[in-house]
Amino acid sequence: MLNKKTVDDISVNGKRVLVRCDFNVPIKDGKITDETRIVGALPTIKKLINDGGKIILCSHMGKPKGEPVPELSLAPVAERLSQHLGMNVIFAADNEVVGENAKKAVAEMNNGEVVLLQNTRYRKEETKNEENFSKELASLADVFVNDAFGSAHRAHCSTVGVSDYVDVSVAGYLMAKEIKFLGDAVNNPVRPLVAILGGSKVSSKISVINNLLEKVDTLIIGGGMAYTFMVALGYNVGTSLLEADYVEYAKEMMAKAKEKGVKLLIPVDTVVAQEFDNDAASKVVPEGGIEDGWMGLDIGPKTIEIFSEAVKDAKTVVWNGPMGVFEMPNFAKGTNAIASVLAEIDATTIIGGGDSVAAVNQAGLGDKMSHISTGGGASLEYLEGKELPGIACLD
Ligand code: AMP
């Protein structure tokens, strides 16, 4: 259930609307190489144009560290937006973001027009959520719309601070979709709820594991983090990724799973090699069978079968992190197999950011998933059960 207001709940006719977008797009030699985020922002922008708002867009791009960096200017974004919207999007090229160009452009705006501000991280105050820049941003607007889920876990001027100084703060469509899918999965899931966690480290997903054990029916652990669990079970893992400091934690999590009645699955066979190399000779070894000098780089075929069986009847699946070193084609089988199973089952499937999104897209199965989260860090924090400041500040 969405307990935040969205752009559908407000009237913006004639009002100045500041929209925080995620235009943090990759740029090479002045050209945008992936427009997914620009295209993703269009529904909210078009809705506000149709409703007669005066739309002022803002975003960060990269890490200019509080000063103007020409390569990180949003000028190319304004150009692409103009083409997508079929209208002139005015770019306010102020190094101080809210400068003379921005003020003049906003003062002269008609209803339905669009202005884009310069990279918000040109200002050093942005990432410190300092009041003066929040107030400057708010001085341009009556309404604040946050549509940048990927930055919602950061309390910055343009994601949080500005909301204190405008009349109304609501979610855009992208943000609303993220809150709905991730929120429902974690707080109000259709069961059985299965979470699949992978990736390199237990340490980066401690709180996720801990929180999900309170919520899920089944927790599947693959990828590099599984070896720490194997050691907790008393197995040798050779030269596989291991976080020795987290073995005790892994034991605690296994005990917690038992106590909560959660089915916790870890790999029962492993694809191993002697080198971290796609072309290294590899073999499959059974549970407990990793020898000294060998490292696990993917889950084995039996594990694929067991994991697939465990998600088959799920009604909600959340997946974060690859099952192996999926960047190397010879060790991508486990990850691809999970992607294929999720594409087939009759369940709400949510892919939580970062590498699992890359893996799903690499397998060409992106459009078969119910929801692909755009924010890696933000979706992880959501799964940790944290309240994200960029969502908490909305009405
Ligand atoms: P993370 O950023 O923690 O989600 O981890 C993603 C990374 O984990 C990817 O780059 C994978 O190559 C890596 N990974 C997954 N499984 C393994 C493994 N068995 N050994 C080493 N790295 C792995």
# chains A, B, ... in the order shown; residues from 1 in each chain; ligands from 1
call {"tool": "closest_atom_pairs", "arguments": {"of": "range 27-119 of chain A", "to": "range 128-138 of chain A", "cutoff": "12 Å", "atoms": "only C-alpha atoms", "output": "JSON lines"}}
result
{"residue": "A:Ile56", "atom": "CA", "partner": "A:Leu137", "partner_atom": "CA", "distance": 9.9}
{"residue": "A:Leu57", "atom": "CA", "partner": "A:Leu137", "partner_atom": "CA", "distance": 10.7}
{"residue": "A:Cys58", "atom": "CA", "partner": "A:Leu137", "partner_atom": "CA", "distance": 9.3}
{"residue": "A:Ser59", "atom": "CA", "partner": "A:Leu137", "partner_atom": "CA", "distance": 11.7}
{"residue": "A:Lys65", "atom": "CA", "partner": "A:Lys128", "partner_atom": "CA", "distance": 11.1}
{"residue": "A:Gly66", "atom": "CA", "partner": "A:Lys128", "partner_atom": "CA", "distance": 10.1}
{"residue": "A:Glu96", "atom": "CA", "partner": "A:Phe133", "partner_atom": "CA", "distance": 9.5}
{"residue": "A:Val97", "atom": "CA", "partner": "A:Leu137", "partner_atom": "CA", "distance": 8.5}
{"residue": "A:Val98", "atom": "CA", "partner": "A:Glu136", "partner_atom": "CA", "distance": 6.4}
{"residue": "A:Gly99", "atom": "CA", "partner": "A:Glu136", "partner_atom": "CA", "distance": 9.1}
{"residue": "A:Glu100", "atom": "CA", "partner": "A:Glu136", "partner_atom": "CA", "distance": 11.8}
{"residue": "A:Ala102", "atom": "CA", "partner": "A:Leu137", "partner_atom": "CA", "distance": 10.0}
{"residue": "A:Lys103", "atom": "CA", "partner": "A:Glu136", "partner_atom": "CA", "distance": 10.0}
{"residue": "A:Val106", "atom": "CA", "partner": "A:Leu137", "partner_atom": "CA", "distance": 11.5}
{"residue": "A:Leu117", "atom": "CA", "partner": "A:Leu137", "partner_atom": "CA", "distance": 9.8}
{"residue": "A:Gln118", "atom": "CA", "partner": "A:Leu137", "partner_atom": "CA", "distance": 11.5}
call {"tool": "select_by_dssp", "arguments": {"residues": "range 61-239 of chain A", "states": "alpha helix (DSSP H)", "output": "PyMOL selection string"}}
result
chain A and resi 75-85+100-107+131-139+173-187+206-212+226-232
call {"tool": "closest_residue", "arguments": {"among": "A:Ile345, A:Leu394, A:Ile290, A:Ala226", "to": "ligand 1", "atoms": "only C-alpha atoms and all ligand atoms"}}
result
A:Ala226
call {"tool": "closest_residue", "arguments": {"among": "A:Leu42, A:Ala378, A:Cys393, A:Met323", "to": "ligand 1", "atoms": "only C-alpha atoms and all ligand atoms"}}
result
A:Met323
call {"tool": "residues_near_ligand", "arguments": {"ligand": "ligand 1", "cutoff": "9 Å", "atoms": "only C-alpha atoms and all ligand atoms", "output": "PyMOL selection string"}}
result
chain A and resi 197-205+222-227+240-241+270-272+276+295-299+320-328+331-332+335+353-356+376
call {"tool": "decode", "arguments": {"residues": "range 168-182 of chain A", "atoms": "all heavy atoms", "output": "PDB file, in the first residue's frame"}}
result
ATOM      1  N   VAL A 168       4.126  21.642  -0.841  1.00  0.00           N
ATOM      2  CA  VAL A 168       3.690  20.264  -1.071  1.00  0.00           C
ATOM      3  C   VAL A 168       4.869  19.432  -1.565  1.00  0.00           C
ATOM      4  O   VAL A 168       5.630  19.901  -2.408  1.00  0.00           O
ATOM      5  CB  VAL A 168       2.592  20.237  -2.182  1.00  0.00           C
ATOM      6  CG1 VAL A 168       2.124  18.813  -2.447  1.00  0.00           C
ATOM      7  CG2 VAL A 168       1.415  21.127  -1.794  1.00  0.00           C
ATOM      8  N   SER A 169       5.009  18.198  -1.054  1.00  0.00           N
ATOM      9  CA  SER A 169       6.073  17.296  -1.534  1.00  0.00           C
ATOM     10  C   SER A 169       5.458  15.929  -1.806  1.00  0.00           C
ATOM     11  O   SER A 169       4.878  15.318  -0.908  1.00  0.00           O
ATOM     12  CB  SER A 169       7.169  17.129  -0.473  1.00  0.00           C
ATOM     13  OG  SER A 169       7.762  18.364  -0.174  1.00  0.00           O
ATOM     14  N   VAL A 170       5.601  15.464  -3.045  1.00  0.00           N
ATOM     15  CA  VAL A 170       4.989  14.187  -3.414  1.00  0.00           C
ATOM     16  C   VAL A 170       5.955  13.324  -4.230  1.00  0.00           C
ATOM     17  O   VAL A 170       6.998  13.798  -4.687  1.00  0.00           O
ATOM     18  CB  VAL A 170       3.685  14.394  -4.240  1.00  0.00           C
ATOM     19  CG1 VAL A 170       2.678  15.214  -3.467  1.00  0.00           C
ATOM     20  CG2 VAL A 170       3.998  15.035  -5.597  1.00  0.00           C
ATOM     21  N   ALA A 171       5.544  12.076  -4.436  1.00  0.00           N
ATOM     22  CA  ALA A 171       6.358  11.150  -5.236  1.00  0.00           C
ATOM     23  C   ALA A 171       5.969  11.228  -6.700  1.00  0.00           C
ATOM     24  O   ALA A 171       4.797  11.394  -7.036  1.00  0.00           O
ATOM     25  CB  ALA A 171       6.144   9.723  -4.731  1.00  0.00           C
ATOM     26  N   GLY A 172       6.971  11.087  -7.579  1.00  0.00           N
ATOM     27  CA  GLY A 172       6.711  10.925  -9.003  1.00  0.00           C
ATOM     28  C   GLY A 172       6.383   9.466  -9.290  1.00  0.00           C
ATOM     29  O   GLY A 172       6.424   8.621  -8.384  1.00  0.00           O
ATOM     30  N   TYR A 173       6.073   9.164 -10.548  1.00  0.00           N
ATOM     31  CA  TYR A 173       5.649   7.794 -10.900  1.00  0.00           C
ATOM     32  C   TYR A 173       6.715   6.738 -10.654  1.00  0.00           C
ATOM     33  O   TYR A 173       6.415   5.629 -10.227  1.00  0.00           O
ATOM     34  CB  TYR A 173       5.208   7.739 -12.363  1.00  0.00           C
ATOM     35  CG  TYR A 173       3.896   8.439 -12.628  1.00  0.00           C
ATOM     36  CD1 TYR A 173       3.747   9.281 -13.721  1.00  0.00           C
ATOM     37  CD2 TYR A 173       2.798   8.231 -11.795  1.00  0.00           C
ATOM     38  CE1 TYR A 173       2.543   9.918 -13.988  1.00  0.00           C
ATOM     39  CE2 TYR A 173       1.592   8.872 -12.050  1.00  0.00           C
ATOM     40  CZ  TYR A 173       1.468   9.709 -13.146  1.00  0.00           C
ATOM     41  OH  TYR A 173       0.281  10.332 -13.394  1.00  0.00           O
ATOM     42  N   LEU A 174       7.977   7.075 -10.986  1.00  0.00           N
ATOM     43  CA  LEU A 174       9.040   6.083 -10.790  1.00  0.00           C
ATOM     44  C   LEU A 174       9.198   5.760  -9.311  1.00  0.00           C
ATOM     45  O   LEU A 174       9.298   4.609  -8.916  1.00  0.00           O
ATOM     46  CB  LEU A 174      10.379   6.643 -11.290  1.00  0.00           C
ATOM     47  CG  LEU A 174      10.638   6.637 -12.776  1.00  0.00           C
ATOM     48  CD1 LEU A 174      12.001   7.264 -13.036  1.00  0.00           C
ATOM     49  CD2 LEU A 174      10.610   5.218 -13.307  1.00  0.00           C
ATOM     50  N   MET A 175       9.209   6.804  -8.528  1.00  0.00           N
ATOM     51  CA  MET A 175       9.351   6.635  -7.079  1.00  0.00           C
ATOM     52  C   MET A 175       8.171   5.840  -6.523  1.00  0.00           C
ATOM     53  O   MET A 175       8.347   4.915  -5.732  1.00  0.00           O
ATOM     54  CB  MET A 175       9.401   8.027  -6.431  1.00  0.00           C
ATOM     55  CG  MET A 175       9.494   7.998  -4.940  1.00  0.00           C
ATOM     56  SD  MET A 175      11.107   7.425  -4.406  1.00  0.00           S
ATOM     57  CE  MET A 175      11.907   8.975  -4.108  1.00  0.00           C
ATOM     58  N   ALA A 176       6.960   6.185  -6.982  1.00  0.00           N
ATOM     59  CA  ALA A 176       5.764   5.501  -6.484  1.00  0.00           C
ATOM     60  C   ALA A 176       5.821   4.007  -6.811  1.00  0.00           C
ATOM     61  O   ALA A 176       5.440   3.160  -5.998  1.00  0.00           O
ATOM     62  CB  ALA A 176       4.512   6.133  -7.094  1.00  0.00           C
ATOM     63  N   LYS A 177       6.333   3.696  -8.012  1.00  0.00           N
ATOM     64  CA  LYS A 177       6.398   2.291  -8.418  1.00  0.00           C
ATOM     65  C   LYS A 177       7.398   1.523  -7.539  1.00  0.00           C
ATOM     66  O   LYS A 177       7.148   0.403  -7.114  1.00  0.00           O
ATOM     67  CB  LYS A 177       6.807   2.230  -9.901  1.00  0.00           C
ATOM     68  CG  LYS A 177       6.794   0.851 -10.482  1.00  0.00           C
ATOM     69  CD  LYS A 177       6.877   0.872 -12.011  1.00  0.00           C
ATOM     70  CE  LYS A 177       6.866  -0.558 -12.547  1.00  0.00           C
ATOM     71  NZ  LYS A 177       8.143  -0.996 -13.089  1.00  0.00           N
ATOM     72  N   GLU A 178       8.517   2.157  -7.267  1.00  0.00           N
ATOM     73  CA  GLU A 178       9.518   1.518  -6.403  1.00  0.00           C
ATOM     74  C   GLU A 178       8.939   1.262  -5.007  1.00  0.00           C
ATOM     75  O   GLU A 178       9.101   0.183  -4.449  1.00  0.00           O
ATOM     76  CB  GLU A 178      10.765   2.416  -6.264  1.00  0.00           C
ATOM     77  CG  GLU A 178      11.527   2.628  -7.550  1.00  0.00           C
ATOM     78  CD  GLU A 178      12.530   1.511  -7.841  1.00  0.00           C
ATOM     79  OE1 GLU A 178      12.587   0.515  -7.090  1.00  0.00           O
ATOM     80  OE2 GLU A 178      13.262   1.645  -8.841  1.00  0.00           O
ATOM     81  N   ILE A 179       8.273   2.288  -4.468  1.00  0.00           N
ATOM     82  CA  ILE A 179       7.731   2.148  -3.115  1.00  0.00           C
ATOM     83  C   ILE A 179       6.682   1.040  -3.095  1.00  0.00           C
ATOM     84  O   ILE A 179       6.615   0.230  -2.179  1.00  0.00           O
ATOM     85  CB  ILE A 179       7.097   3.464  -2.608  1.00  0.00           C
ATOM     86  CG1 ILE A 179       8.118   4.601  -2.635  1.00  0.00           C
ATOM     87  CG2 ILE A 179       6.547   3.287  -1.207  1.00  0.00           C
ATOM     88  CD1 ILE A 179       7.535   5.971  -2.277  1.00  0.00           C
ATOM     89  N   LYS A 180       5.873   1.002  -4.149  1.00  0.00           N
ATOM     90  CA  LYS A 180       4.813   0.011  -4.188  1.00  0.00           C
ATOM     91  C   LYS A 180       5.386  -1.405  -4.246  1.00  0.00           C
ATOM     92  O   LYS A 180       5.038  -2.259  -3.430  1.00  0.00           O
ATOM     93  CB  LYS A 180       3.894   0.262  -5.386  1.00  0.00           C
ATOM     94  CG  LYS A 180       2.720  -0.670  -5.367  1.00  0.00           C
ATOM     95  CD  LYS A 180       1.802  -0.475  -6.517  1.00  0.00           C
ATOM     96  CE  LYS A 180       0.903  -1.675  -6.740  1.00  0.00           C
ATOM     97  NZ  LYS A 180       0.978  -2.755  -5.783  1.00  0.00           N
ATOM     98  N   PHE A 181       6.282  -1.649  -5.192  1.00  0.00           N
ATOM     99  CA  PHE A 181       6.791  -3.020  -5.352  1.00  0.00           C
ATOM    100  C   PHE A 181       7.651  -3.449  -4.169  1.00  0.00           C
ATOM    101  O   PHE A 181       7.444  -4.511  -3.593  1.00  0.00           O
ATOM    102  CB  PHE A 181       7.562  -3.161  -6.666  1.00  0.00           C
ATOM    103  CG  PHE A 181       6.664  -3.475  -7.820  1.00  0.00           C
ATOM    104  CD1 PHE A 181       6.241  -2.486  -8.684  1.00  0.00           C
ATOM    105  CD2 PHE A 181       6.200  -4.767  -8.009  1.00  0.00           C
ATOM    106  CE1 PHE A 181       5.393  -2.774  -9.742  1.00  0.00           C
ATOM    107  CE2 PHE A 181       5.351  -5.071  -9.059  1.00  0.00           C
ATOM    108  CZ  PHE A 181       4.952  -4.063  -9.933  1.00  0.00           C
ATOM    109  N   LEU A 182       8.642  -2.633  -3.824  1.00  0.00           N
ATOM    110  CA  LEU A 182       9.532  -3.028  -2.732  1.00  0.00           C
ATOM    111  C   LEU A 182       8.775  -3.027  -1.406  1.00  0.00           C
ATOM    112  O   LEU A 182       8.937  -3.919  -0.585  1.00  0.00           O
ATOM    113  CB  LEU A 182      10.736  -2.091  -2.655  1.00  0.00           C
ATOM    114  CG  LEU A 182      11.789  -2.299  -3.741  1.00  0.00           C
ATOM    115  CD1 LEU A 182      12.770  -1.139  -3.760  1.00  0.00           C
ATOM    116  CD2 LEU A 182      12.543  -3.607  -3.539  1.00  0.00           C
TER     117      LEU A 182
END
